[in-house]
$ cat run.cif   # mmCIF, C-alpha atoms
data_entry
#
loop_
_atom_site.label_atom_id
_atom_site.label_comp_id
_atom_site.auth_asym_id
_atom_site.auth_seq_id
_atom_site.Cartn_x
_atom_site.Cartn_y
_atom_site.Cartn_z
CA MET A 1 20.41 1.74 9.50
CA ALA A 2 23.11 0.02 7.48
CA THR A 3 22.20 1.47 4.12
CA THR A 4 23.73 4.62 2.69
CA ALA A 5 21.18 4.79 -0.12
CA THR A 6 19.48 8.09 -0.92
CA GLY A 7 16.65 9.11 -3.18
CA GLN A 8 19.24 10.15 -5.73
CA ASP A 9 20.42 6.55 -6.12
CA ASP A 10 19.55 5.18 -9.58
CA ARG A 11 18.21 2.01 -7.98
CA VAL A 12 15.65 4.06 -6.05
CA ARG A 13 14.52 5.78 -9.24
CA GLN A 14 14.17 2.44 -10.99
CA MET A 15 12.10 0.87 -8.21
CA PHE A 16 10.09 3.87 -7.02
CA THR A 17 8.93 5.89 -9.99
CA VAL A 18 5.15 5.69 -10.44
CA GLN A 19 5.23 6.28 -14.18
CA THR A 20 7.40 3.22 -14.82
CA GLN A 21 5.66 0.76 -12.46
CA GLU A 22 4.89 -2.47 -14.29
CA ALA A 23 1.31 -2.45 -12.94
CA ASN A 24 0.66 0.85 -14.72
CA LYS A 25 1.59 -0.38 -18.19
CA GLY A 26 -1.02 0.58 -20.76
CA ALA A 27 -2.20 3.58 -18.72
CA SER A 28 -1.15 7.15 -19.47
CA ALA A 29 1.83 8.34 -17.44
CA GLU A 30 0.35 11.86 -17.43
CA ARG A 31 -3.30 11.37 -16.47
CA ASP A 32 -5.46 11.29 -13.38
CA TYR A 33 -8.34 8.90 -14.16
CA SER A 34 -10.57 10.07 -11.29
CA ALA A 35 -12.98 12.01 -13.51
CA GLU A 36 -13.41 9.02 -15.82
CA LEU A 37 -14.11 6.71 -12.89
CA ASN A 38 -16.67 9.21 -11.60
CA ALA A 39 -18.36 9.24 -14.99
CA LEU A 40 -18.59 5.45 -15.01
CA ARG A 41 -20.17 5.44 -11.56
CA GLU A 42 -22.73 8.06 -12.59
CA GLN A 43 -23.58 5.96 -15.63
CA ALA A 44 -24.32 2.86 -13.53
CA PRO A 45 -23.41 1.47 -10.08
CA VAL A 46 -22.40 -1.88 -11.61
CA MET A 47 -21.04 -2.38 -15.13
CA LYS A 48 -19.88 -5.30 -17.24
CA GLY A 49 -16.16 -5.14 -17.96
CA SER A 50 -13.03 -4.55 -15.92
CA PRO A 51 -12.03 -0.99 -14.94
CA ARG A 52 -9.41 -0.99 -17.67
CA GLU A 53 -11.83 -2.34 -20.27
CA LEU A 54 -14.41 0.29 -19.33
CA LEU A 55 -11.80 3.03 -19.79
CA GLY A 56 -10.44 1.59 -23.03
CA LEU A 57 -7.09 0.61 -21.51
CA ALA A 58 -5.23 -2.58 -22.33
CA GLU A 59 -5.01 -5.19 -19.59
CA PRO A 60 -1.45 -5.94 -18.41
CA VAL A 61 -0.22 -9.07 -20.15
CA GLY A 62 -0.41 -12.12 -17.88
CA ALA A 63 -1.79 -10.21 -14.89
CA TYR A 64 -4.65 -12.70 -14.43
CA GLN A 65 -5.73 -15.92 -16.04
CA SER A 66 -8.12 -15.27 -18.90
CA GLY A 67 -11.50 -16.81 -19.64
CA ARG A 68 -13.63 -15.09 -17.01
CA GLU A 69 -16.27 -12.43 -17.47
CA ASN A 70 -15.30 -9.10 -15.92
CA TRP A 71 -17.65 -6.91 -13.88
CA THR A 72 -16.97 -3.71 -11.91
CA LEU A 73 -18.65 -2.35 -8.78
CA LEU A 74 -18.61 1.46 -8.84
CA SER A 75 -21.02 2.92 -6.30
CA PHE A 76 -20.13 3.14 -2.61
CA ALA A 77 -22.96 0.76 -1.69
CA ALA A 78 -21.88 -1.82 -4.27
CA CYS A 79 -18.20 -1.57 -3.32
CA GLU A 80 -18.93 -1.83 0.40
CA ARG A 81 -20.92 -5.00 -0.18
CA GLY A 82 -18.14 -6.42 -2.33
CA PHE A 83 -15.63 -5.94 0.47
CA ARG A 84 -17.81 -7.15 3.33
CA GLU A 85 -19.32 -10.29 1.75
CA ASN A 86 -16.02 -12.03 1.20
CA LEU A 87 -17.48 -15.53 0.82
CA ILE A 88 -19.63 -14.34 -2.12
CA PHE A 89 -17.00 -11.94 -3.52
CA SER A 90 -14.04 -14.17 -2.79
CA SER A 91 -10.40 -13.20 -2.44
CA GLU A 92 -9.53 -16.61 -3.89
CA ILE A 93 -9.28 -14.82 -7.25
CA MET A 94 -5.82 -13.76 -6.07
CA LYS A 95 -4.65 -17.31 -6.76
CA GLU A 96 -4.93 -16.41 -10.44
CA SER A 97 -2.73 -13.32 -10.11
CA ALA A 98 0.72 -13.76 -11.61
CA GLY A 99 2.18 -11.39 -9.03
CA ILE A 100 0.66 -13.20 -6.07
CA GLN A 101 1.70 -16.56 -7.50
CA ALA A 102 5.27 -15.24 -7.56
CA ILE A 103 5.08 -14.26 -3.88
CA GLY A 104 3.55 -17.57 -2.76
CA PRO A 105 0.60 -18.49 -0.53
CA THR A 106 -0.53 -15.53 1.59
CA ILE A 107 -3.63 -14.34 3.41
CA LEU A 108 -4.52 -12.26 0.36
CA GLN A 109 -5.98 -15.30 -1.44
CA MET A 110 -7.54 -16.96 1.63
CA VAL A 111 -11.15 -16.75 2.83
CA GLY A 112 -13.21 -17.79 5.83
CA LYS A 113 -11.66 -19.90 8.60
CA GLU A 114 -8.37 -20.39 6.76
CA HIS A 115 -7.94 -16.64 6.35
CA LYS A 116 -8.82 -15.98 9.99
CA ALA A 117 -6.40 -18.65 11.24
CA TYR A 118 -3.40 -17.44 9.25
CA ARG A 119 -4.14 -13.74 9.76
CA SER A 120 -4.29 -14.28 13.52
CA THR A 121 -0.61 -15.26 13.57
CA ALA A 122 0.39 -11.71 12.59
CA GLN A 123 -2.59 -9.49 13.45
CA PRO A 124 -1.65 -8.91 17.14
CA LEU A 125 1.64 -7.35 16.00
CA PHE A 126 -0.19 -4.75 13.90
CA LEU A 127 -2.88 -3.52 16.31
CA ARG A 128 -2.85 0.22 16.96
CA PRO A 129 -1.61 0.10 20.60
CA ARG A 130 1.23 -2.20 19.52
CA VAL A 131 2.08 0.10 16.61
CA LEU A 132 2.22 3.18 18.84
CA ASP A 133 4.21 1.50 21.60
CA TRP A 134 6.46 -0.79 19.54
CA TRP A 135 6.69 0.00 15.82
CA LYS A 136 6.91 3.74 16.36
CA ARG A 137 9.43 3.54 19.19
CA ARG A 138 11.56 0.76 17.67
CA TRP A 139 11.68 1.66 13.99
CA ILE A 140 9.48 4.45 12.65
CA ASP A 141 10.82 7.48 14.54
CA GLU A 142 14.46 6.52 13.97
CA ALA A 143 13.93 5.98 10.25
CA VAL A 144 12.20 9.36 9.85
CA ASP A 145 14.96 11.15 11.76
CA LYS A 146 17.76 9.59 9.75
CA LEU A 147 16.10 10.33 6.41
CA LEU A 148 15.37 13.94 7.34
CA ASP A 149 18.91 14.34 8.71
CA GLY A 150 20.07 13.51 5.20
CA LEU A 151 18.26 16.59 3.87
CA LYS A 152 19.96 19.05 6.26
CA GLY A 153 21.53 22.01 4.52
CA ARG A 154 19.68 21.32 1.28
CA ALA A 155 17.61 23.98 -0.45
CA THR A 156 15.49 21.53 -2.46
CA ALA A 157 14.47 17.87 -2.47
CA ASP A 158 12.14 15.43 -4.17
CA LEU A 159 10.34 14.00 -1.17
CA ASN A 160 8.74 11.29 -3.30
CA LEU A 161 12.11 9.57 -3.70
CA GLU A 162 14.10 10.97 -0.78
CA LEU A 163 11.56 10.33 1.96
CA CYS A 164 8.35 8.60 0.84
CA ALA A 165 9.99 5.72 -1.05
CA LEU A 166 12.72 4.98 1.48
CA LEU A 167 10.82 5.30 4.77
CA PRO A 168 8.52 2.23 4.56
CA MET A 169 11.27 0.13 2.99
CA PHE A 170 13.63 0.89 5.88
CA VAL A 171 10.94 0.37 8.53
CA VAL A 172 9.60 -2.93 7.22
CA THR A 173 13.00 -4.44 6.42
CA ARG A 174 14.28 -3.69 9.92
CA ALA A 175 11.00 -4.70 11.59
CA ILE A 176 11.17 -8.22 10.21
CA GLY A 177 14.63 -8.49 11.75
CA LEU A 178 17.07 -7.61 8.98
CA GLU A 179 19.00 -4.95 10.88
CA GLY A 180 22.51 -4.64 9.51
CA THR A 181 21.30 -5.49 6.01
CA ASP A 182 21.50 -3.03 3.14
CA GLU A 183 17.75 -2.50 2.76
CA LEU A 184 17.90 -1.23 -0.81
CA ALA A 185 20.06 -4.11 -2.03
CA PHE A 186 17.76 -6.62 -0.35
CA ARG A 187 14.66 -5.00 -1.89
CA GLU A 188 16.34 -5.04 -5.31
CA HIS A 189 17.15 -8.76 -5.06
CA LEU A 190 13.67 -9.51 -3.73
CA SER A 191 11.99 -7.67 -6.63
CA ARG A 192 14.21 -9.38 -9.19
CA SER A 193 13.76 -12.84 -7.71
CA THR A 194 9.96 -12.43 -7.50
CA PHE A 195 9.06 -10.48 -10.64
CA GLY A 196 12.33 -10.27 -12.52
CA ALA A 197 11.74 -12.81 -15.30
CA ARG A 198 10.46 -9.95 -17.48
CA PHE A 199 13.36 -7.62 -16.71
CA ALA A 200 16.41 -9.78 -16.02
CA THR A 201 18.20 -12.85 -17.36
CA PRO A 202 17.40 -16.27 -15.86
CA GLU A 203 20.87 -16.27 -14.33
CA GLN A 204 20.27 -12.91 -12.62
CA VAL A 205 16.90 -14.06 -11.32
CA ALA A 206 18.41 -17.29 -9.96
CA GLU A 207 21.26 -15.39 -8.29
CA SER A 208 18.86 -12.96 -6.61
CA ARG A 209 16.57 -15.78 -5.48
CA ALA A 210 19.52 -17.58 -3.90
CA ILE A 211 20.56 -14.42 -2.05
CA VAL A 212 17.03 -13.74 -0.76
CA ASP A 213 16.47 -17.37 0.23
CA ARG A 214 19.74 -17.48 2.13
CA ILE A 215 19.07 -14.22 3.99
CA LEU A 216 15.51 -15.18 4.95
CA THR A 217 16.42 -18.77 5.84
CA ASP A 218 19.26 -17.62 8.10
CA LEU A 219 16.97 -15.06 9.74
CA ILE A 220 14.06 -17.45 10.33
CA GLU A 221 16.23 -20.27 11.64
CA ALA A 222 18.06 -17.87 13.96
CA ARG A 223 14.75 -16.57 15.33
CA ARG A 224 13.38 -20.09 15.82
CA GLU A 225 16.41 -20.81 17.97
CA THR A 226 16.70 -17.43 19.70
CA PRO A 227 13.64 -15.18 19.39
CA GLY A 228 14.22 -11.44 19.12
CA ASP A 229 12.13 -8.30 19.49
CA ASP A 230 10.90 -8.20 15.92
CA VAL A 231 8.01 -9.19 13.67
CA ILE A 232 9.45 -12.54 12.53
CA SER A 233 9.92 -13.65 16.14
CA GLY A 234 6.36 -12.63 16.92
CA VAL A 235 4.86 -14.53 13.99
CA ILE A 236 6.87 -17.64 14.87
CA ARG A 237 5.60 -17.40 18.43
CA ASN A 238 1.94 -17.00 17.35
CA GLU A 239 1.33 -20.47 15.93
CA VAL A 240 -1.41 -21.08 13.37
CA LYS A 241 -4.47 -22.96 14.64
CA LEU A 242 -5.51 -25.59 12.07
CA PRO A 243 -9.13 -26.71 11.39
CA ASP A 244 -8.64 -29.87 13.47
CA GLY A 245 -7.76 -27.75 16.50
CA THR A 246 -4.03 -28.46 16.48
CA ARG A 247 -1.43 -25.71 16.38
CA ARG A 248 1.91 -25.43 14.64
CA PRO A 249 4.47 -22.76 13.73
CA LEU A 250 4.41 -21.44 10.19
CA THR A 251 6.74 -23.30 7.84
CA ASN A 252 9.74 -21.59 6.29
CA ALA A 253 7.89 -21.38 2.97
CA GLU A 254 4.92 -19.70 4.68
CA MET A 255 7.28 -17.31 6.44
CA PHE A 256 8.97 -16.48 3.11
CA SER A 257 5.60 -15.54 1.59
CA PHE A 258 4.67 -13.46 4.63
CA CYS A 259 7.96 -11.52 4.49
CA LYS A 260 7.61 -10.84 0.76
CA LEU A 261 4.03 -9.69 1.11
CA LEU A 262 4.90 -7.42 4.03
CA ILE A 263 7.76 -5.79 2.12
CA PHE A 264 5.91 -5.32 -1.16
CA ALA A 265 2.52 -4.30 0.27
CA GLY A 266 3.90 -2.19 3.11
CA GLY A 267 6.56 -0.54 1.00
CA GLY A 268 4.67 0.21 -2.18
CA THR A 269 1.36 1.34 -0.75
CA THR A 270 2.81 3.60 1.94
CA TRP A 271 5.37 5.12 -0.44
CA ARG A 272 2.73 6.25 -2.91
CA GLN A 273 0.13 7.26 -0.31
CA LEU A 274 2.58 9.38 1.68
CA GLY A 275 3.54 11.27 -1.48
CA ILE A 276 -0.13 11.78 -2.29
CA THR A 277 -0.80 13.16 1.22
CA ILE A 278 2.16 15.55 1.31
CA ASP A 279 1.26 16.89 -2.12
CA ALA A 280 -2.39 17.33 -1.07
CA LEU A 281 -1.35 19.42 1.95
CA LEU A 282 1.13 21.53 -0.02
CA THR A 283 -1.31 22.04 -2.88
CA HIS A 284 -3.98 23.10 -0.38
CA TYR A 285 -1.53 25.15 1.64
CA HIS A 286 -4.02 26.42 4.20
CA PHE A 287 -4.38 22.80 5.33
CA TRP A 288 -0.59 22.48 5.64
CA GLU A 289 -0.62 25.54 7.90
CA GLU A 290 -3.53 24.22 9.96
CA CYS A 291 -1.83 20.86 10.48
CA ARG A 292 1.46 22.55 11.31
CA ASP A 293 -0.24 24.60 14.02
CA ASN A 294 -2.45 21.74 15.30
CA ARG A 295 -0.79 18.37 14.84
CA GLU A 296 -3.96 16.52 15.80
CA LEU A 297 -5.21 17.35 12.30
CA ILE A 298 -2.46 15.33 10.58
CA GLU A 299 -4.17 11.98 11.00
CA PRO A 300 -7.53 13.25 9.68
CA ALA A 301 -5.62 14.72 6.72
CA ILE A 302 -4.06 11.31 5.99
CA ASP A 303 -7.48 9.69 6.25
CA GLU A 304 -8.99 12.21 3.85
CA ALA A 305 -6.16 11.66 1.35
CA LEU A 306 -6.87 7.92 1.50
CA ARG A 307 -10.50 8.60 0.59
CA TRP A 308 -9.74 11.26 -1.99
CA ARG A 309 -6.84 9.61 -3.79
CA ALA A 310 -6.35 6.01 -2.70
CA THR A 311 -3.22 4.64 -4.34
CA ASP A 312 -4.92 1.34 -5.32
CA PRO A 313 -8.23 2.19 -7.08
CA TYR A 314 -9.67 -1.33 -7.28
CA PHE A 315 -9.37 -4.84 -5.88
CA PRO A 316 -10.38 -8.05 -7.69
CA ARG A 317 -12.75 -10.68 -6.31
CA LEU A 318 -14.36 -13.91 -7.58
CA ALA A 319 -18.14 -14.29 -7.66
CA THR A 320 -18.74 -17.68 -6.03
CA GLN A 321 -22.44 -17.69 -6.95
CA ASP A 322 -24.90 -15.80 -9.10
CA VAL A 323 -25.46 -12.58 -7.18
CA GLU A 324 -27.60 -9.50 -7.70
CA VAL A 325 -25.95 -6.17 -6.89
CA GLU A 326 -27.80 -2.87 -7.27
CA GLY A 327 -30.34 -4.58 -9.53
CA VAL A 328 -27.68 -6.15 -11.78
CA MET A 329 -27.09 -9.92 -11.93
CA ILE A 330 -23.43 -10.95 -11.83
CA PRO A 331 -22.85 -14.58 -12.85
CA LYS A 332 -21.00 -17.16 -10.82
CA GLY A 333 -17.34 -17.39 -11.84
CA ALA A 334 -17.02 -13.75 -12.88
CA ARG A 335 -14.04 -11.66 -11.89
CA VAL A 336 -15.45 -8.67 -9.98
CA SER A 337 -13.45 -5.47 -9.49
CA ILE A 338 -14.34 -3.43 -6.41
CA CYS A 339 -13.59 0.07 -7.71
CA LEU A 340 -13.07 2.04 -4.54
CA GLY A 341 -11.57 4.84 -6.63
CA ALA A 342 -15.14 5.55 -7.78
CA GLY A 343 -16.94 4.43 -4.61
CA ASN A 344 -14.92 6.74 -2.35
CA ARG A 345 -16.16 9.72 -4.36
CA ASP A 346 -19.83 8.77 -4.47
CA PRO A 347 -21.88 11.99 -4.01
CA LYS A 348 -24.62 9.92 -2.37
CA VAL A 349 -22.24 9.53 0.58
CA TRP A 350 -20.04 12.65 0.60
CA ASP A 351 -20.71 16.31 -0.16
CA ASN A 352 -18.33 17.72 -2.78
CA PRO A 353 -16.50 14.38 -2.93
CA ASP A 354 -13.89 15.52 -5.46
CA GLU A 355 -12.54 18.11 -3.03
CA PHE A 356 -9.76 17.42 -0.52
CA ASP A 357 -11.14 18.58 2.84
CA ILE A 358 -9.52 17.55 6.12
CA HIS A 359 -12.51 18.83 8.10
CA ARG A 360 -15.07 16.41 6.67
CA PRO A 361 -17.35 14.77 9.25
CA LYS A 362 -15.72 11.47 10.18
CA GLN A 363 -17.11 8.58 8.15
CA PHE A 364 -15.54 5.31 7.08
CA HIS A 365 -14.28 4.94 3.54
CA MET A 366 -12.57 2.19 1.56
CA GLY A 367 -9.10 3.62 1.07
CA LEU A 368 -7.66 0.71 3.06
CA GLY A 369 -10.36 -1.79 2.17
CA LEU A 370 -13.17 -3.05 4.37
CA GLY A 371 -14.32 -6.32 5.87
CA PRO A 372 -12.16 -9.38 6.57
CA HIS A 373 -9.37 -8.25 4.25
CA ARG A 374 -9.05 -4.68 5.50
CA CYS A 375 -5.37 -3.73 5.38
CA MET A 376 -3.66 -5.46 8.31
CA GLY A 377 -0.79 -2.96 8.36
CA MET A 378 -2.93 0.17 8.10
CA ASP A 379 -1.89 1.55 11.49
CA VAL A 380 1.79 1.05 10.69
CA ALA A 381 1.30 2.90 7.41
CA LYS A 382 -0.61 5.72 9.09
CA GLN A 383 2.00 6.15 11.82
CA GLU A 384 4.80 6.23 9.26
CA MET A 385 2.95 9.02 7.48
CA VAL A 386 2.15 10.88 10.72
CA ALA A 387 5.80 10.71 11.81
CA ALA A 388 7.08 11.83 8.41
CA ILE A 389 4.73 14.83 8.17
CA ASN A 390 5.41 15.81 11.79
CA GLY A 391 9.14 15.63 11.11
CA LEU A 392 8.86 17.82 8.04
CA MET A 393 6.79 20.40 9.91
CA ASP A 394 9.21 20.42 12.86
CA ARG A 395 12.25 21.04 10.67
CA TRP A 396 10.81 23.04 7.79
CA PRO A 397 7.56 24.65 8.95
CA ASN A 398 7.37 26.77 5.79
CA LEU A 399 8.05 23.88 3.42
CA ARG A 400 6.45 24.46 0.02
CA LEU A 401 6.33 23.02 -3.45
CA ASP A 402 9.29 24.06 -5.60
CA PRO A 403 8.00 26.59 -8.17
CA ASP A 404 11.05 25.99 -10.36
CA GLN A 405 10.13 22.32 -10.91
CA PRO A 406 7.27 20.87 -12.99
CA LYS A 407 3.98 20.73 -11.14
CA PRO A 408 3.52 17.31 -9.48
CA GLU A 409 0.87 15.18 -11.18
CA PHE A 410 -1.28 12.37 -9.80
CA VAL A 411 -0.68 9.61 -12.33
CA GLY A 412 -0.94 5.86 -12.97
CA PHE A 413 -3.91 3.56 -12.76
CA ASP A 414 -3.46 0.24 -10.95
CA HIS A 415 -0.81 1.80 -8.67
CA ARG A 416 -1.48 5.53 -8.54
CA GLY A 417 0.82 8.11 -7.04
CA MET A 418 2.65 11.38 -7.57
CA SER A 419 5.02 11.94 -10.46
CA ALA A 420 7.29 13.69 -7.94
CA VAL A 421 7.02 15.84 -4.82
CA PRO A 422 9.63 18.59 -5.42
CA VAL A 423 9.92 20.99 -2.49
CA ARG A 424 11.92 23.94 -1.27
CA LEU A 425 13.36 23.47 2.20
CA ASP A 426 14.86 26.94 2.71
#
$ encode --input "run.cif" --output "structure tokens"
Amino acid sequence: MATTATGQDDRVRQMFTVQTQEANKGASAERDYSAELNALREQAPVMKGSPRELLGLAEPVGAYQSGRENWTLLSFAACERGFRENLIFSSEIMKESAGIQAIGPTILQMVGKEHKAYRSTAQPLFLRPRVLDWWKRRWIDEAVDKLLDGLKGRATADLNLELCALLPMFVVTRAIGLEGTDELAFREHLSRSTFGARFATPEQVAESRAIVDRILTDLIEARRETPGDDVISGVIRNEVKLPDGTRRPLTNAEMFSFCKLLIFAGGGTTWRQLGITIDALLTHYHFWEECRDNRELIEPAIDEALRWRATDPYFPRLATQDVEVEGVMIPKGARVSICLGAGNRDPKVWDNPDEFDIHRPKQFHMGLGLGPHRCMGMDVAKQEMVAAINGLMDRWPNLRLDPDQPKPEFVGFDHRGMSAVPVRLD
């Protein structure tokens, strides 16, 4: 990897600190809202108002266009229906998201045949067998080794910044074909060019956009001419099938949006969820010991952490018709939040749902979504987490939370994660 960045780099702290994430503005930087979400669900399975409104939190300024009624699905049954019936609870609401608008057209805001057509250009590259044989061998294992090598000889570390934040960024950046690029610098320019109008001068935003556009244009054009063994080459090869039956390669603009989405979604979600999982195992240390002695338990532990503390607690949808859910009528045109943070802890589905238990009977949950928009990169994310936890256990089998540092807290709201994961390595 070309970068020499570490978790002690100020740029890493600026980009990968949960408490300062723009999406969490208006939420307490010191609170876990799980109990409040549970209380809402027990009050009613469907409620009028957004999750933030129901908790008395201010909505982020400019996050979505205004003028729509807000409703929230809270029970498991209601949330599951919201995810599965994507033509009634439409992902087209994402077109009104300021963040998605900044990224450009992606599969996140598509439904039906259009969504299926565009998703099929990338989906084969993210299937589990491909992830195990290609992603893991080509990028994941090397990235884990190099990051853990950087911790050799250390007595302490903050794994949230020094492993969790950097791992998915390195993997995704290299997987799209940007080997030899300083991953952290590219991510910094990408963030500034996409969301930087609130944090940087117009000149800085324009400079970063020019740098990102040049890098991505050069990469895409080079791969169109000479395909490589990477994700961009694969997506170019898998042409999109249009409604009239014709096929064509994705345009450069479509490829730009795909790359941005892959970097932001893959990097942010996996960073926070890996920190959540490591903390869960170290806080419930008997599970750390069980996983260390039987590595087949690591993946169930990751799955349980996704149910127990999913980093993204809700997803927005658009009601395309009047629809009754759990006896409540939601009007056409409403913005509907699928609150999986409450649904994944529904006691009608799980015994003792607020407990972290890696031995739960296997049952699907919504930590990675459900239905047509279930996370396309979920197996990449899981294998990054499996490799990271395996690597930690191989090198530091008695790894433990650092008692001399403040206790890690699960914080944030829209993008939840750990305040830190301070550990002792000796």
$ resolve_selection --input "run.cif" --expression "the PyMOL selection byres ((chain A and resi 79) around 10)" --output "ChimeraX atom specification"
/A:45-46,72-78,80-84,314-315,325,337-344,366,369-370
$ write_last_selection --input "run.cif" --atoms "C-alpha atoms" --output "mmCIF file, in the frame of the given file"
data_model
loop_
_atom_site.group_PDB
_atom_site.id
_atom_site.type_symbol
_atom_site.label_atom_id
_atom_site.label_comp_id
_atom_site.auth_asym_id
_atom_site.auth_seq_id
_atom_site.Cartn_x
_atom_site.Cartn_y
_atom_site.Cartn_z
ATOM 1 C CA PRO A 45 -23.410 1.470 -10.080
ATOM 2 C CA VAL A 46 -22.400 -1.880 -11.610
ATOM 3 C CA THR A 72 -16.970 -3.710 -11.910
ATOM 4 C CA LEU A 73 -18.650 -2.350 -8.780
ATOM 5 C CA LEU A 74 -18.610 1.460 -8.840
ATOM 6 C CA SER A 75 -21.020 2.920 -6.300
ATOM 7 C CA PHE A 76 -20.130 3.140 -2.610
ATOM 8 C CA ALA A 77 -22.960 0.760 -1.690
ATOM 9 C CA ALA A 78 -21.880 -1.820 -4.270
ATOM 10 C CA GLU A 80 -18.930 -1.830 0.400
ATOM 11 C CA ARG A 81 -20.920 -5.000 -0.180
ATOM 12 C CA GLY A 82 -18.140 -6.420 -2.330
ATOM 13 C CA PHE A 83 -15.630 -5.940 0.470
ATOM 14 C CA ARG A 84 -17.810 -7.150 3.330
ATOM 15 C CA TYR A 314 -9.670 -1.330 -7.280
ATOM 16 C CA PHE A 315 -9.370 -4.840 -5.880
ATOM 17 C CA VAL A 325 -25.950 -6.170 -6.890
ATOM 18 C CA SER A 337 -13.450 -5.470 -9.490
ATOM 19 C CA ILE A 338 -14.340 -3.430 -6.410
ATOM 20 C CA CYS A 339 -13.590 0.070 -7.710
ATOM 21 C CA LEU A 340 -13.070 2.040 -4.540
ATOM 22 C CA GLY A 341 -11.570 4.840 -6.630
ATOM 23 C CA ALA A 342 -15.140 5.550 -7.780
ATOM 24 C CA GLY A 343 -16.940 4.430 -4.610
ATOM 25 C CA ASN A 344 -14.920 6.740 -2.350
ATOM 26 C CA MET A 366 -12.570 2.190 1.560
ATOM 27 C CA GLY A 369 -10.360 -1.790 2.170
ATOM 28 C CA LEU A 370 -13.170 -3.050 4.370
#
$ resolve_selection --input "run.cif" --expression "the PyMOL selection byres ((chain A and resi 379-384) around 10)" --output "VMD selection string"
chain A and resid 125 to 132 135 to 136 139 to 141 143 to 144 164 167 to 168 171 to 172 266 to 267 269 to 271 273 to 274 298 to 299 302 to 303 375 to 378 385 to 390
$ resolve_selection --input "run.cif" --expression "the PyMOL selection byres ((chain A and resi 238) around 10)" --output "PyMOL selection string"
chain A and resi 118+120-125+232-237+239-241+247-250
$ closest_residue --input "run.cif" --among "A:Leu281, A:Leu37, A:Leu262, A:Ala23" --to "Ala175 (chain A)" --atoms "only C-alpha atoms"
A:Leu262
$ axis_aligned_box --input "run.cif" --around "region 311-328 of chain A" --padding-each-side "6 Å" --output "AutoDock Vina command-line options"
--center_x -16.8 --center_y -6.5 --center_z -8.1 --size_x 39.1 --size_y 34.3 --size_z 19.4
$ closest_residue --input "run.cif" --among "A:Val18, A:Val111, A:Leu57, A:Leu148" --to "Gly391 (chain A)" --atoms "only C-alpha atoms"
A:Leu148
$ residues_around --input "run.cif" --residues "Gly67 (chain A)" --least-positions-apart "5" --cutoff "12 Å" --atoms "only C-alpha atoms" --output "list in words"
Glu96, Gly333, Ala334 and Arg335 of chain A
$ atom_distance --input "run.cif" --atom1 "CA of Ile176 (chain A)" --atom2 "CA of Glu142 (chain A)"
15.6 Å
$ closest_residue --input "run.cif" --among "A:Leu399, A:Met15, A:Ala210, A:Ile88" --to "Leu161 (chain A)" --atoms "all atoms listed in the file"
A:Met15
$ atom_distance --input "run.cif" --atom1 "CA of Glu290 (chain A)" --atom2 "CA of Lys348 (chain A)"
28.3 Å
